[in-house]
Amino acid sequence: MNNEKTILLFSDFPTENKPANFMFVKHRTEILKKKYNIIVVSVEVTKDESEVTCYEEENFKHYVIKLNSRIPKIRSVILDKHALKLLSYIIEEYAPSLIEVHFSSYRSWLVRKISKIYNIPYIIVEHATFFERKVKSLYYGPKIKKALLNAAKVVAVSQPLKETMNKYVNTDIEVVPNIVSTDKFKIMNDRVDNETPQLVTVGSLDLNDKKGYVDLLENLAILKQKGYDFKLKIAGNGPNKDNLINKRNELKLIDNVEFIGTINNEDLVQLFNESDFFVSTSKIETFGVAIVEAMSCGLPIVATYSGGPETFVGEQVGVLAQHSSEDIAKSIEYMLNNYRNYKRIEIRNNVIKNFSEDKYLERMKKIYDKLI
């Protein structure tokens, strides 16, 4: 580890109550700590007094700035003031060479102020599908734009997200894709050939149905009427689960579609290896981590044009569909007939080449070396 280079990551982070939330930020942290000293700082609004709590993670420290505001009308102003004060204590303690903010809406404007006070460069890494909504807001929008324009570097996780961001801020944005643990997500030797095609998809069952599960169910019903047999497992949970189960039952897909809830990474790897291909009918995906995790296990892909997937789902990997019943059904039908023709090791090698941990560290080191 290079003890002279400390990077402060300012971001939401997994907690004891919600260990799966923002796991992709923790994954990045675990990779970066191989080369740098990493200090993670998160902000949490609580009913208790404002304070800083330190949690010892494996080889790095995670500070949580706990904030309390009792005056709702000026809540944001007070929270920012307290956060800035407590963040300053941490900056003075560790004197980081660089600050990295995940999500421009995550109080990036505070980091802009800290950067000026302590003369520390900062970068902003944007992941969010909700970026456009946040940057348009009357209160936060101008703050986000200033933070982006004053950052030493801005990173987007996909080319479509970069193009969206450039509609609002005229700054140089570099694309660094998300990462997958290719050591965890891998092809197992004990794969069996399924008699009935096994489909899989992963995502939150939110009320806005951003993953397009209603479209997926309706298209599967079309294929069932055409005589196709298949099994689909949907991994994930959310407030829309009951509605989707009712939709499945209404479409007479009870024997074809199973909702299996949230599962851990180990079980997810097993699920991918038991499946024949992955289906994503998302309405919007800034990247598509679950898709790439499935690819790392050798699965061919059916995905809709939704932002991220079209940047890496090519002919050797799978097929892309427009958001129409005819095209989605046609694409799934094609895969039902052709999934055995795809070379799983080539799909996995594509992930290793473009989205592995080593590739991510290489890309970020180039950015850091120019700034530190």
# chains A, B, ... in the order shown; residues from 1 in each chain; ligands from 1
$ select_by_dssp --residues "segment 103-222 of chain A" --states "strand (DSSP E or B)" --output "JSON, numbers by chain"
{"A": [122, 123, 124, 125, 126, 153, 154, 155, 156, 173, 174, 175, 198, 199, 200, 201, 202]}
$ residues_around --residues "Glu218 of chain A" --least-positions-apart "3" --cutoff "12 Å" --atoms "only C-alpha atoms" --output "MDAnalysis selection string"
chainID A and resid 212:215 221:225 244 247:253 257 281 324:326 328:329
$ closest_atom_pairs --of "segment 286-358 of chain A" --to "segment 154-177 of chain A" --cutoff "8 Å" --atoms "only C-alpha atoms" --output "tab-separated table"
residue	atom	partner	partner_atom	distance
A:Thr286	CA	A:Leu161	CA	6.0
A:Phe287	CA	A:Ser158	CA	5.9
A:Gly307	CA	A:Pro160	CA	5.5
A:Gly308	CA	A:Ser158	CA	6.0
A:Thr311	CA	A:Gln159	CA	7.5
A:Phe355	CA	A:Pro177	CA	6.8
$ write_last_selection --atoms "N, CA and C atoms" --output "CSV table (one decimal), in the first residue's frame"
chain,number,residue,atom,x,y,z
A,286,THR,N,-28.4,2.9,-16.3
A,286,THR,CA,-27.2,3.7,-16.6
A,286,THR,C,-26.0,2.8,-16.9
A,287,PHE,N,-26.0,1.6,-16.4
A,287,PHE,CA,-25.0,0.6,-16.7
A,287,PHE,C,-25.7,-0.8,-16.8
A,307,GLY,N,-29.9,2.4,-22.2
A,307,GLY,CA,-28.8,3.3,-21.8
A,307,GLY,C,-27.5,2.5,-21.7
A,308,GLY,N,-27.3,1.7,-20.7
A,308,GLY,CA,-26.1,1.0,-20.5
A,308,GLY,C,-25.9,-0.3,-21.4
A,311,THR,N,-24.1,-0.6,-24.8
A,311,THR,CA,-22.7,-0.3,-25.0
A,311,THR,C,-21.8,-1.5,-24.8
A,355,PHE,N,-14.4,-5.3,-17.7
A,355,PHE,CA,-15.1,-4.9,-16.4
A,355,PHE,C,-14.5,-5.6,-15.2
$ residues_around --residues "Glu51 of chain A" --least-positions-apart "5" --cutoff "8 Å" --atoms "only C-alpha atoms" --output "PyMOL selection string"
chain A and resi 65-67+86
$ residues_around --residues "Asn265 of chain A" --least-positions-apart "3" --cutoff "12 Å" --atoms "only C-alpha atoms" --output "PyMOL selection string"
chain A and resi 19-20+23+180-181+183-186+202+235+262+268-272+290+293-294
$ closest_residue --among "A:Glu132, A:Glu92, A:Glu274, A:Asp242" --to "Glu195 of chain A" --atoms "only C-alpha atoms"
A:Glu274
$ closest_residue --among "A:Glu333, A:Glu310, A:Asp209, A:Glu357" --to "Asn178 of chain A" --atoms "only C-alpha atoms"
A:Glu357
$ residues_around --residues "segment 336-343 of chain A" --least-positions-apart "2" --cutoff "9 Å" --atoms "only C-alpha atoms" --output "number ranges by chain"
A: 197, 228, 230, 276-277, 298-301, 316-318, 331-334, 345-348
$ write_last_selection --atoms "C-alpha atoms" --output "JSON list (two decimals), in the first residue's frame"
[["chain", "number", "residue", "atom", "x", "y", "z"],
["A", 197, "PRO", "CA", -34.88, -23.40, -20.95],
["A", 228, "TYR", "CA", -42.80, -22.28, -26.09],
["A", 230, "PHE", "CA", -39.61, -22.04, -20.32],
["A", 276, "ASP", "CA", -29.50, -20.63, -19.76],
["A", 277, "PHE", "CA", -29.76, -16.89, -20.42],
["A", 298, "GLY", "CA", -21.07, -17.07, -19.22],
["A", 299, "LEU", "CA", -24.75, -16.30, -19.79],
["A", 300, "PRO", "CA", -25.94, -14.87, -23.12],
["A", 301, "ILE", "CA", -28.15, -11.80, -22.79],
["A", 316, "GLN", "CA", -21.16, -12.41, -29.42],
["A", 317, "VAL", "CA", -22.93, -11.66, -26.15],
["A", 318, "GLY", "CA", -26.62, -11.62, -27.05],
["A", 331, "SER", "CA", -35.73, -11.28, -29.19],
["A", 332, "ILE", "CA", -36.59, -13.72, -26.40],
["A", 333, "GLU", "CA", -37.90, -16.18, -28.98],
["A", 334, "TYR", "CA", -34.61, -15.92, -30.87],
["A", 345, "ILE", "CA", -16.14, -18.65, -22.23],
["A", 346, "GLU", "CA", -16.03, -15.87, -24.85],
["A", 347, "ILE", "CA", -18.84, -14.02, -23.06],
["A", 348, "ARG", "CA", -16.91, -14.29, -19.79]]
$ select_by_dssp --residues "segment 145-305 of chain A" --states "alpha helix (DSSP H)" --output "NGL selection string"
:A and (145-150 or 159-165 or 213-225 or 241-250 or 265-274 or 289-296)
$ closest_residue --among "A:Lys146, A:Ser306, A:Gly203, A:Ile254" --to "Leu320 of chain A" --atoms "only C-alpha atoms"
A:Ser306
$ residues_around --residues "Ala152 of chain A" --least-positions-apart "4" --cutoff "12 Å" --atoms "only C-alpha atoms" --output "number ranges by chain"
A: 98-101, 111-112, 115-116, 119-125, 147-148, 171-174, 367-368, 370-372
$ closest_atom_pairs --of "segment 53-154 of chain A" --to "segment 27-45 of chain A" --cutoff "10 Å" --atoms "only C-alpha atoms" --output "Markdown table"
| residue | atom | partner | partner_atom | distance |
| --- | --- | --- | --- | --- |
| A:Thr53 | CA | A:Val41 | CA | 9.9 |
| A:Cys54 | CA | A:Val41 | CA | 9.1 |
| A:Tyr55 | CA | A:Val40 | CA | 9.6 |
| A:Glu57 | CA | A:Val40 | CA | 9.7 |
| A:Glu58 | CA | A:Glu30 | CA | 8.5 |
| A:Asn59 | CA | A:Lys33 | CA | 7.4 |
| A:Phe60 | CA | A:Ile38 | CA | 5.8 |
| A:Lys61 | CA | A:Ile39 | CA | 5.4 |
| A:His62 | CA | A:Val40 | CA | 4.6 |
| A:Tyr63 | CA | A:Val41 | CA | 4.7 |
| A:Val64 | CA | A:Ser42 | CA | 4.8 |
| A:Ile65 | CA | A:Val43 | CA | 4.7 |
| A:Lys66 | CA | A:Glu44 | CA | 4.8 |
| A:Leu67 | CA | A:Val45 | CA | 4.7 |
| A:Asn68 | CA | A:Val45 | CA | 5.9 |
| A:Ser69 | CA | A:Val45 | CA | 8.1 |
| A:Leu79 | CA | A:Val45 | CA | 8.3 |
| A:Ala83 | CA | A:Val43 | CA | 7.5 |
| A:Leu87 | CA | A:Val41 | CA | 8.1 |
| A:Ile90 | CA | A:Val41 | CA | 8.6 |
| A:Ile91 | CA | A:Ile39 | CA | 9.8 |
| A:Tyr94 | CA | A:Ile39 | CA | 8.3 |
| A:Pro96 | CA | A:Ile39 | CA | 8.5 |
| A:Ser97 | CA | A:Asn37 | CA | 10.0 |
| A:Ile99 | CA | A:Ile39 | CA | 9.5 |
| A:Glu100 | CA | A:Val40 | CA | 9.5 |
| A:Val101 | CA | A:Val41 | CA | 9.6 |
| A:Tyr106 | CA | A:Val43 | CA | 8.8 |
| A:Arg107 | CA | A:Val43 | CA | 9.0 |
$ decode --residues "segment 30-71 of chain A" --atoms "N, CA and C atoms" --output "tab-separated table (two decimals), in the first residue's frame"
chain	number	residue	atom	x	y	z
A	30	GLU	N	-12.79	-1.69	-1.80
A	30	GLU	CA	-11.94	-2.86	-1.55
A	30	GLU	C	-10.87	-3.02	-2.62
A	31	ILE	N	-11.17	-2.57	-3.83
A	31	ILE	CA	-10.18	-2.63	-4.90
A	31	ILE	C	-9.14	-1.52	-4.74
A	32	LEU	N	-9.62	-0.31	-4.47
A	32	LEU	CA	-8.72	0.85	-4.37
A	32	LEU	C	-7.76	0.73	-3.19
A	33	LYS	N	-8.19	0.04	-2.13
A	33	LYS	CA	-7.33	-0.05	-0.94
A	33	LYS	C	-6.08	-0.89	-1.20
A	34	LYS	N	-6.05	-1.60	-2.35
A	34	LYS	CA	-4.85	-2.36	-2.71
A	34	LYS	C	-3.68	-1.42	-3.03
A	35	LYS	N	-4.02	-0.19	-3.45
A	35	LYS	CA	-2.98	0.76	-3.87
A	35	LYS	C	-2.93	2.02	-3.02
A	36	TYR	N	-4.04	2.32	-2.33
A	36	TYR	CA	-4.13	3.61	-1.62
A	36	TYR	C	-4.68	3.42	-0.21
A	37	ASN	N	-4.40	4.40	0.64
A	37	ASN	CA	-5.09	4.50	1.92
A	37	ASN	C	-6.49	5.05	1.65
A	38	ILE	N	-7.51	4.38	2.10
A	38	ILE	CA	-8.88	4.80	1.83
A	38	ILE	C	-9.59	5.14	3.14
A	39	ILE	N	-10.19	6.32	3.17
A	39	ILE	CA	-11.06	6.73	4.27
A	39	ILE	C	-12.44	6.97	3.66
A	40	VAL	N	-13.46	6.28	4.17
A	40	VAL	CA	-14.82	6.44	3.66
A	40	VAL	C	-15.60	7.34	4.61
A	41	VAL	N	-16.33	8.29	4.06
A	41	VAL	CA	-17.18	9.19	4.86
A	41	VAL	C	-18.59	9.19	4.30
A	42	SER	N	-19.56	8.91	5.16
A	42	SER	CA	-20.97	8.93	4.78
A	42	SER	C	-21.72	9.92	5.66
A	43	VAL	N	-22.87	10.37	5.18
A	43	VAL	CA	-23.71	11.28	5.94
A	43	VAL	C	-25.03	10.57	6.23
A	44	GLU	N	-25.48	10.64	7.47
A	44	GLU	CA	-26.72	9.98	7.87
A	44	GLU	C	-27.53	10.94	8.74
A	45	VAL	N	-28.79	11.14	8.39
A	45	VAL	CA	-29.68	11.99	9.17
A	45	VAL	C	-30.36	11.13	10.23
A	46	THR	N	-30.22	11.54	11.51
A	46	THR	CA	-30.77	10.77	12.62
A	46	THR	C	-31.58	11.67	13.55
A	47	LYS	N	-32.22	11.04	14.52
A	47	LYS	CA	-32.96	11.78	15.54
A	47	LYS	C	-32.06	12.14	16.72
A	48	ASP	N	-30.82	11.62	16.71
A	48	ASP	CA	-29.89	11.88	17.79
A	48	ASP	C	-29.10	13.17	17.52
A	49	GLU	N	-28.22	13.48	18.44
A	49	GLU	CA	-27.38	14.66	18.26
A	49	GLU	C	-26.37	14.44	17.14
A	50	SER	N	-25.93	15.55	16.54
A	50	SER	CA	-24.93	15.46	15.48
A	50	SER	C	-23.60	14.99	16.07
A	51	GLU	N	-22.98	14.02	15.38
A	51	GLU	CA	-21.70	13.50	15.84
A	51	GLU	C	-21.05	12.72	14.70
A	52	VAL	N	-19.80	12.33	14.92
A	52	VAL	CA	-19.08	11.49	13.97
A	52	VAL	C	-18.81	10.14	14.63
A	53	THR	N	-19.20	9.06	13.95
A	53	THR	CA	-18.95	7.71	14.44
A	53	THR	C	-18.02	6.99	13.47
A	54	CYS	N	-17.02	6.31	14.02
A	54	CYS	CA	-16.06	5.60	13.18
A	54	CYS	C	-16.27	4.10	13.28
A	55	TYR	N	-16.36	3.45	12.12
A	55	TYR	CA	-16.49	2.00	12.06
A	55	TYR	C	-15.24	1.42	11.42
A	56	GLU	N	-14.68	0.40	12.04
A	56	GLU	CA	-13.48	-0.24	11.50
A	56	GLU	C	-13.88	-1.31	10.48
A	57	GLU	N	-13.60	-1.07	9.22
A	57	GLU	CA	-13.81	-2.06	8.18
A	57	GLU	C	-12.49	-2.80	7.96
A	58	GLU	N	-12.48	-3.73	7.04
A	58	GLU	CA	-11.25	-4.48	6.77
A	58	GLU	C	-10.26	-3.60	6.00
A	59	ASN	N	-9.23	-3.17	6.68
A	59	ASN	CA	-8.14	-2.37	6.09
A	59	ASN	C	-8.54	-0.94	5.72
A	60	PHE	N	-9.69	-0.48	6.17
A	60	PHE	CA	-10.01	0.94	6.00
A	60	PHE	C	-11.03	1.36	7.05
A	61	LYS	N	-11.13	2.68	7.25
A	61	LYS	CA	-12.07	3.21	8.24
A	61	LYS	C	-13.26	3.86	7.55
A	62	HIS	N	-14.42	3.69	8.16
A	62	HIS	CA	-15.65	4.27	7.62
A	62	HIS	C	-16.22	5.21	8.68
A	63	TYR	N	-16.20	6.51	8.38
A	63	TYR	CA	-16.76	7.52	9.27
A	63	TYR	C	-18.18	7.85	8.83
A	64	VAL	N	-19.10	7.87	9.78
A	64	VAL	CA	-20.47	8.27	9.51
A	64	VAL	C	-20.74	9.59	10.22
A	65	ILE	N	-21.03	10.63	9.44
A	65	ILE	CA	-21.40	11.92	10.00
A	65	ILE	C	-22.90	11.89	10.25
A	66	LYS	N	-23.26	11.79	11.52
A	66	LYS	CA	-24.68	11.74	11.89
A	66	LYS	C	-25.19	13.14	12.18
A	67	LEU	N	-26.25	13.51	11.49
A	67	LEU	CA	-26.77	14.87	11.56
A	67	LEU	C	-28.19	14.90	12.11
A	68	ASN	N	-28.48	15.94	12.87
A	68	ASN	CA	-29.83	16.15	13.37
A	68	ASN	C	-30.24	17.58	13.09
A	69	SER	N	-31.45	17.76	12.59
A	69	SER	CA	-31.99	19.10	12.37
A	69	SER	C	-33.38	19.18	12.97
A	70	ARG	N	-33.62	20.20	13.79
A	70	ARG	CA	-34.92	20.34	14.43
A	70	ARG	C	-35.73	21.49	13.84
A	71	ILE	N	-35.22	22.11	12.78
A	71	ILE	CA	-35.93	23.23	12.18
A	71	ILE	C	-36.21	22.88	10.73
